[in-house]
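Report on the structure given below.
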Amino acid sequence: MYRDIAHAVYRRGEESMGNYQMPGWGWAFIFLDILVFMPLVLTVNYSLQHVFPTLAIVEDPSPPAYEPVSLNEDDQSIAEENAPLADEAARGSSQSRLITSSVRSTYRTLTAISGWRSLFRGLACYMALTFATLFVYGILSSTFIPSLIAAPFSALALVQLYTAWTHIVISAPSSKSFWQRLPPFKKAFHATALPVVMYFFSAELSSFVPKTLAYAMSMNIPNPKQPGVIPEGDKNDIWKGVIVLLVSLVLHIFLVIPTQVILTRVQASLLPDEDDTIVPFDRSFQGQVEPAIVGGKGFITVKGAWQSFSRASWVRLVKLYVKIFAAGLALGLLWVAVLVPEMVLILSHSKKVE
């Protein structure tokens with residue numbers, strides 16, 4: 001809904017420039033803005049919103065006292081020889097500071113492995129699954145299947161890609177391409193089908209319910225069929241907007257995030273034994289996972305994924321999401337503080353075209 005509003009504002013601004021010619025140096029500002037803000041947007045929207053939470057969800061808060069294999073000795077790692085790596089946090093007692101206990105600690109761990117590129121680990125796989133999801137979703141939605149059903153079904157068809165992305169994010173660098181790390185479809189589907197449906201249905205529901213509520217309260221919101229039209233608002237839209245925002249937050253906190261935790265932990269339980277993780281990781285999930293070689297399922301169940309995620313881990317994850325929200329808000333304010341004066345300056349030097 002808020003994306004529709006932003007799009008409508010953009011179209012209104014675009015139309016207002018229709019009879020004006022922008023000065024040549026205005027394009028330099030646009031190019032500079034893209035050059036500066038693109039990495040920041042990518043860092044916040046990808047690294048902070050996807051990579052960091054995934055690591056926090058799988059990190060074991062009580063790692064055993066053992067001497068793990070250093071990632072620095074991995075032939076596939078491109079970290080410096082003396083760089084501190086995440087697996088060192090698993091040494092010693094459970095009182096050691098968790099890697100994902102802070103954004104700074106997580107950032108240092110990632111950049112120590114392969115520099116700034118580690119912040120975007122799995123990006124190629126993420127782009128592939130995004131385009132594949134849009135393609136499958138487009139086919140399903142064209143047959144008039146509701147988004148609440150089309151989204152989960154699209155994800156079910158691509159469970160290998162989603163699982164491979166999680167594995168790439170949590171494991172040490174590998175020479176294998178992401179398509180070489182795809183788990184067998186049957187195994188991935190058997191393990192993640194239920195949590196995939198739970199998560200993607202919840203994500204769609206968290207968007208569908210607030211939008212439906214806004215229409216039910218006769219809130220003045222943009223019509224998707226008229227993207228260039230901004231409806232006239234009134235004072236009642238303020239409290240209506242607050243209610244819609246609160247409902248959206250409640251659904252994300254109590255529905256989307258819990259199902260994301262379950263899905264991510266189930267996916268992580270399918271990580272091959274030969275892949276080392278960059279954060280302490282309990283492959284047995286407190287003894288709830290029995291290897292397939294001894295007759296077990298070889299992956300954690302939905303119930304086990306939920307029960308094995310401790311209260312302390314929930315607190316750590318919620319704090320992380322608060323920081324991510326703050327980072328996104330700060331970036332938005334910075335964007336406004338820079339672009340608004342630029343637009344005023346460009347408009348004041350634009351010439352009217354007859």
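Just remember, in the structure tokens the first chain shown is A, the second B, etc., residues are 1-based per chain, and ligands are 1-based in the order shown.
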Shell of 8 Å around Ala191 of chain A, only C-alpha atoms, local chain residues under 4 positions omitted, as a list in words | Lys187, Val266, Gln267, Phe299, Ile300 and Thr301 of chain A
Residues near Val289 of chain A, cut-off 10 Å, only C-alpha atoms, skip fewer than 2 positions along chain, as a PDB file with N, CA, C and O atoms, in the first residue's frame:
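Wrote it out as out39.pdb, contents follow:
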ATOM      1  N   SER A 269      19.195 -27.256   8.489  1.00  0.00           N
ATOM      2  CA  SER A 269      19.413 -28.645   8.915  1.00  0.00           C
ATOM      3  C   SER A 269      19.765 -29.552   7.744  1.00  0.00           C
ATOM      4  O   SER A 269      20.238 -30.672   7.947  1.00  0.00           O
ATOM      5  N   ASP A 282      24.670 -25.834  15.693  1.00  0.00           N
ATOM      6  CA  ASP A 282      24.388 -27.153  16.255  1.00  0.00           C
ATOM      7  C   ASP A 282      23.591 -27.954  15.227  1.00  0.00           C
ATOM      8  O   ASP A 282      22.385 -27.787  15.075  1.00  0.00           O
ATOM      9  N   ARG A 283      24.294 -28.828  14.517  1.00  0.00           N
ATOM     10  CA  ARG A 283      23.639 -29.620  13.466  1.00  0.00           C
ATOM     11  C   ARG A 283      22.597 -30.584  14.022  1.00  0.00           C
ATOM     12  O   ARG A 283      21.677 -30.992  13.307  1.00  0.00           O
ATOM     13  N   SER A 284      22.737 -30.946  15.291  1.00  0.00           N
ATOM     14  CA  SER A 284      21.783 -31.884  15.885  1.00  0.00           C
ATOM     15  C   SER A 284      20.553 -31.175  16.440  1.00  0.00           C
ATOM     16  O   SER A 284      19.580 -31.835  16.820  1.00  0.00           O
ATOM     17  N   PHE A 285      20.597 -29.835  16.523  1.00  0.00           N
ATOM     18  CA  PHE A 285      19.481 -29.063  17.074  1.00  0.00           C
ATOM     19  C   PHE A 285      19.057 -29.625  18.429  1.00  0.00           C
ATOM     20  O   PHE A 285      17.916 -30.042  18.633  1.00  0.00           O
ATOM     21  N   GLN A 286      20.048 -29.646  19.331  1.00  0.00           N
ATOM     22  CA  GLN A 286      19.827 -30.143  20.691  1.00  0.00           C
ATOM     23  C   GLN A 286      19.373 -31.591  20.688  1.00  0.00           C
ATOM     24  O   GLN A 286      18.540 -32.007  21.499  1.00  0.00           O
ATOM     25  N   GLY A 287      19.940 -32.367  19.774  1.00  0.00           N
ATOM     26  CA  GLY A 287      19.661 -33.794  19.720  1.00  0.00           C
ATOM     27  C   GLY A 287      18.356 -34.165  19.050  1.00  0.00           C
ATOM     28  O   GLY A 287      17.956 -35.340  19.073  1.00  0.00           O
ATOM     29  N   PRO A 291      20.545 -38.448  12.022  1.00  0.00           N
ATOM     30  CA  PRO A 291      21.048 -38.606  10.648  1.00  0.00           C
ATOM     31  C   PRO A 291      20.266 -39.674   9.891  1.00  0.00           C
ATOM     32  O   PRO A 291      19.821 -40.671  10.468  1.00  0.00           O
ATOM     33  N   ALA A 292      20.106 -39.453   8.602  1.00  0.00           N
ATOM     34  CA  ALA A 292      19.373 -40.413   7.774  1.00  0.00           C
ATOM     35  C   ALA A 292      20.075 -41.756   7.722  1.00  0.00           C
ATOM     36  O   ALA A 292      19.439 -42.798   7.540  1.00  0.00           O
ATOM     37  N   GLY A 296      17.100 -41.900  10.734  1.00  0.00           N
ATOM     38  CA  GLY A 296      16.364 -40.676  11.037  1.00  0.00           C
ATOM     39  C   GLY A 296      15.963 -39.924   9.785  1.00  0.00           C
ATOM     40  O   GLY A 296      16.286 -40.313   8.663  1.00  0.00           O
ATOM     41  N   LYS A 297      15.256 -38.825   9.970  1.00  0.00           N
ATOM     42  CA  LYS A 297      14.820 -38.023   8.825  1.00  0.00           C
ATOM     43  C   LYS A 297      15.977 -37.264   8.183  1.00  0.00           C
ATOM     44  O   LYS A 297      15.954 -36.964   6.996  1.00  0.00           O
ATOM     45  N   GLY A 298      16.953 -36.902   9.003  1.00  0.00           N
ATOM     46  CA  GLY A 298      18.087 -36.153   8.477  1.00  0.00           C
ATOM     47  C   GLY A 298      17.851 -34.659   8.436  1.00  0.00           C
ATOM     48  O   GLY A 298      18.684 -33.913   7.915  1.00  0.00           O
ATOM     49  N   PHE A 299      16.719 -34.208   8.979  1.00  0.00           N
ATOM     50  CA  PHE A 299      16.438 -32.772   9.048  1.00  0.00           C
ATOM     51  C   PHE A 299      15.519 -32.503  10.227  1.00  0.00           C
ATOM     52  O   PHE A 299      14.860 -33.405  10.751  1.00  0.00           O
ATOM     53  N   ILE A 300      15.471 -31.238  10.642  1.00  0.00           N
ATOM     54  CA  ILE A 300      14.651 -30.848  11.777  1.00  0.00           C
ATOM     55  C   ILE A 300      13.202 -30.657  11.336  1.00  0.00           C
ATOM     56  O   ILE A 300      12.936 -30.203  10.215  1.00  0.00           O
ATOM     57  N   THR A 301      12.271 -31.010  12.184  1.00  0.00           N
ATOM     58  CA  THR A 301      10.855 -30.822  11.886  1.00  0.00           C
ATOM     59  C   THR A 301      10.432 -29.402  12.252  1.00  0.00           C
ATOM     60  O   THR A 301      11.183 -28.654  12.882  1.00  0.00           O
ATOM     61  N   GLY A 304      10.398 -29.172  15.983  1.00  0.00           N
ATOM     62  CA  GLY A 304      11.760 -29.143  16.524  1.00  0.00           C
ATOM     63  C   GLY A 304      12.449 -27.820  16.261  1.00  0.00           C
ATOM     64  O   GLY A 304      13.181 -27.307  17.123  1.00  0.00           O
ATOM     65  N   ALA A 305      12.226 -27.238  15.075  1.00  0.00           N
ATOM     66  CA  ALA A 305      12.833 -25.945  14.751  1.00  0.00           C
ATOM     67  C   ALA A 305      12.332 -24.858  15.678  1.00  0.00           C
ATOM     68  O   ALA A 305      13.082 -23.968  16.083  1.00  0.00           O
TER      69      ALA A 305
END
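Ranking A:Ser207, A:Ser218, A:Ser171, A:Ser310 by their shortest atom-to-atom distance to Leu110 of chain A, with only C-alpha atoms included, puts A:Ser171 first.
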Interatomic distance (Å, one decimal) between atom CA of Ala188 of chain A and atom CA of Thr163 of chain A =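 Atom-to-atom, atom CA of Ala188 of chain A and atom CA of Thr163 of chain A are spaced 7.2 Å apart.
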Skipping near chain neighbours, those fewer than 4 positions away, what residues fall within 9 Å of Thr259 of chain A using only C-alpha atoms, listed as a list in words?
->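 My reading of the contact set: Pro195, Val196, Met198, Tyr199, Phe200, Ser202, Phe254, Leu255, Leu263, Thr264 and Trp306 of chain A.
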Looking at only C-alpha atoms, which of A:Gln21, A:Thr212, A:Gln160, A:Ser174 is the one that sits closest to Ser348 of chain A?
->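 Closest to Ser348 of chain A, using only C-alpha atoms: A:Gln21.
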Leu213 of chain A surroundings by only C-alpha atoms, 12 Å radius, close-in-sequence under 5 positions cut, as a short mmCIF file (atom, residue, chain, number, x, y, z; two decimals) with N, CA, C and O atoms, in the first residue's frame:
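selection_5.cif was written with the following content:
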data_model
loop_
_atom_site.label_atom_id
_atom_site.label_comp_id
_atom_site.auth_asym_id
_atom_site.auth_seq_id
_atom_site.Cartn_x
_atom_site.Cartn_y
_atom_site.Cartn_z
N MET A 1 0.83 -1.20 0.00
CA MET A 1 0.00 0.00 0.00
C MET A 1 0.87 1.26 0.00
O MET A 1 0.66 2.19 -0.77
N LEU A 205 -0.21 -12.72 3.73
CA LEU A 205 -1.28 -12.32 4.63
C LEU A 205 -0.97 -11.00 5.32
O LEU A 205 -1.85 -10.16 5.52
N SER A 206 0.31 -10.79 5.65
CA SER A 206 0.72 -9.56 6.32
C SER A 206 0.59 -8.35 5.41
O SER A 206 0.60 -7.21 5.88
N SER A 207 0.48 -8.58 4.11
CA SER A 207 0.25 -7.49 3.15
C SER A 207 -1.23 -7.38 2.80
O SER A 207 -1.76 -6.26 2.66
N PHE A 208 -1.89 -8.52 2.69
CA PHE A 208 -3.29 -8.56 2.28
C PHE A 208 -4.21 -7.97 3.36
O PHE A 208 -5.11 -7.18 3.05
N SER A 218 -12.43 2.77 4.44
CA SER A 218 -12.57 3.84 3.44
C SER A 218 -11.41 4.82 3.50
O SER A 218 -11.57 6.04 3.34
N MET A 219 -10.24 4.29 3.73
CA MET A 219 -9.04 5.12 3.76
C MET A 219 -8.68 5.54 2.34
O MET A 219 -8.79 4.75 1.40
N ASN A 220 -8.29 6.77 2.17
CA ASN A 220 -7.94 7.29 0.85
C ASN A 220 -6.54 6.82 0.46
O ASN A 220 -5.54 7.40 0.88
N ILE A 221 -6.48 5.75 -0.32
CA ILE A 221 -5.21 5.20 -0.77
C ILE A 221 -5.22 5.13 -2.29
O ILE A 221 -6.28 5.08 -2.91
N LYS A 240 -6.40 6.29 10.79
CA LYS A 240 -6.59 5.05 10.03
C LYS A 240 -5.23 4.47 9.60
O LYS A 240 -5.02 3.26 9.66
N GLY A 241 -4.34 5.36 9.17
CA GLY A 241 -3.01 4.91 8.78
C GLY A 241 -2.23 4.31 9.94
O GLY A 241 -1.49 3.34 9.77
N VAL A 242 -2.41 4.88 11.13
CA VAL A 242 -1.74 4.35 12.32
C VAL A 242 -2.24 2.94 12.63
O VAL A 242 -1.45 2.04 12.96
N ILE A 243 -3.55 2.75 12.52
CA ILE A 243 -4.13 1.42 12.78
C ILE A 243 -3.60 0.41 11.77
O ILE A 243 -3.21 -0.71 12.14
N VAL A 244 -3.58 0.78 10.50
CA VAL A 244 -3.08 -0.12 9.45
C VAL A 244 -1.62 -0.47 9.69
O VAL A 244 -1.21 -1.63 9.56
N LEU A 245 -0.82 0.53 10.08
CA LEU A 245 0.60 0.30 10.35
C LEU A 245 0.79 -0.64 11.53
O LEU A 245 1.63 -1.55 11.48
N LEU A 246 0.02 -0.44 12.60
CA LEU A 246 0.13 -1.29 13.79
C LEU A 246 -0.27 -2.73 13.47
O LEU A 246 0.39 -3.68 13.93
N VAL A 247 -1.32 -2.90 12.69
CA VAL A 247 -1.75 -4.25 12.30
C VAL A 247 -0.66 -4.93 11.48
O VAL A 247 -0.36 -6.11 11.68
N SER A 248 -0.04 -4.18 10.58
CA SER A 248 1.03 -4.72 9.76
C SER A 248 2.22 -5.15 10.61
O SER A 248 2.79 -6.22 10.42
#
How would you write, as a PyMOL selection string, the set of residues in segment 33-62 of chain A that DSSP gives as alpha helix (DSSP H)?
-> chain A and resi 33-42+52-58
Taking into account only C-alpha atoms, which residue in the set A:Leu55, A:Ser141, A:Leu270, A:Leu32 is nearest to Ser313 of chain A?
->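 The answer is A:Leu55, which sits nearest to Ser313 of chain A.
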In Å and to one decimal, atom CA of Met217 of chain A is distant from atom CA of Phe201 of chain A by 23.9 Å
One decimal, Å: what's the distance from atom CA of Leu251 of chain A over to atom CA of Gln288 of chain A, could you say?
->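 So the two atoms, atom CA of Leu251 of chain A and atom CA of Gln288 of chain A, lie 28.9 Å apart.
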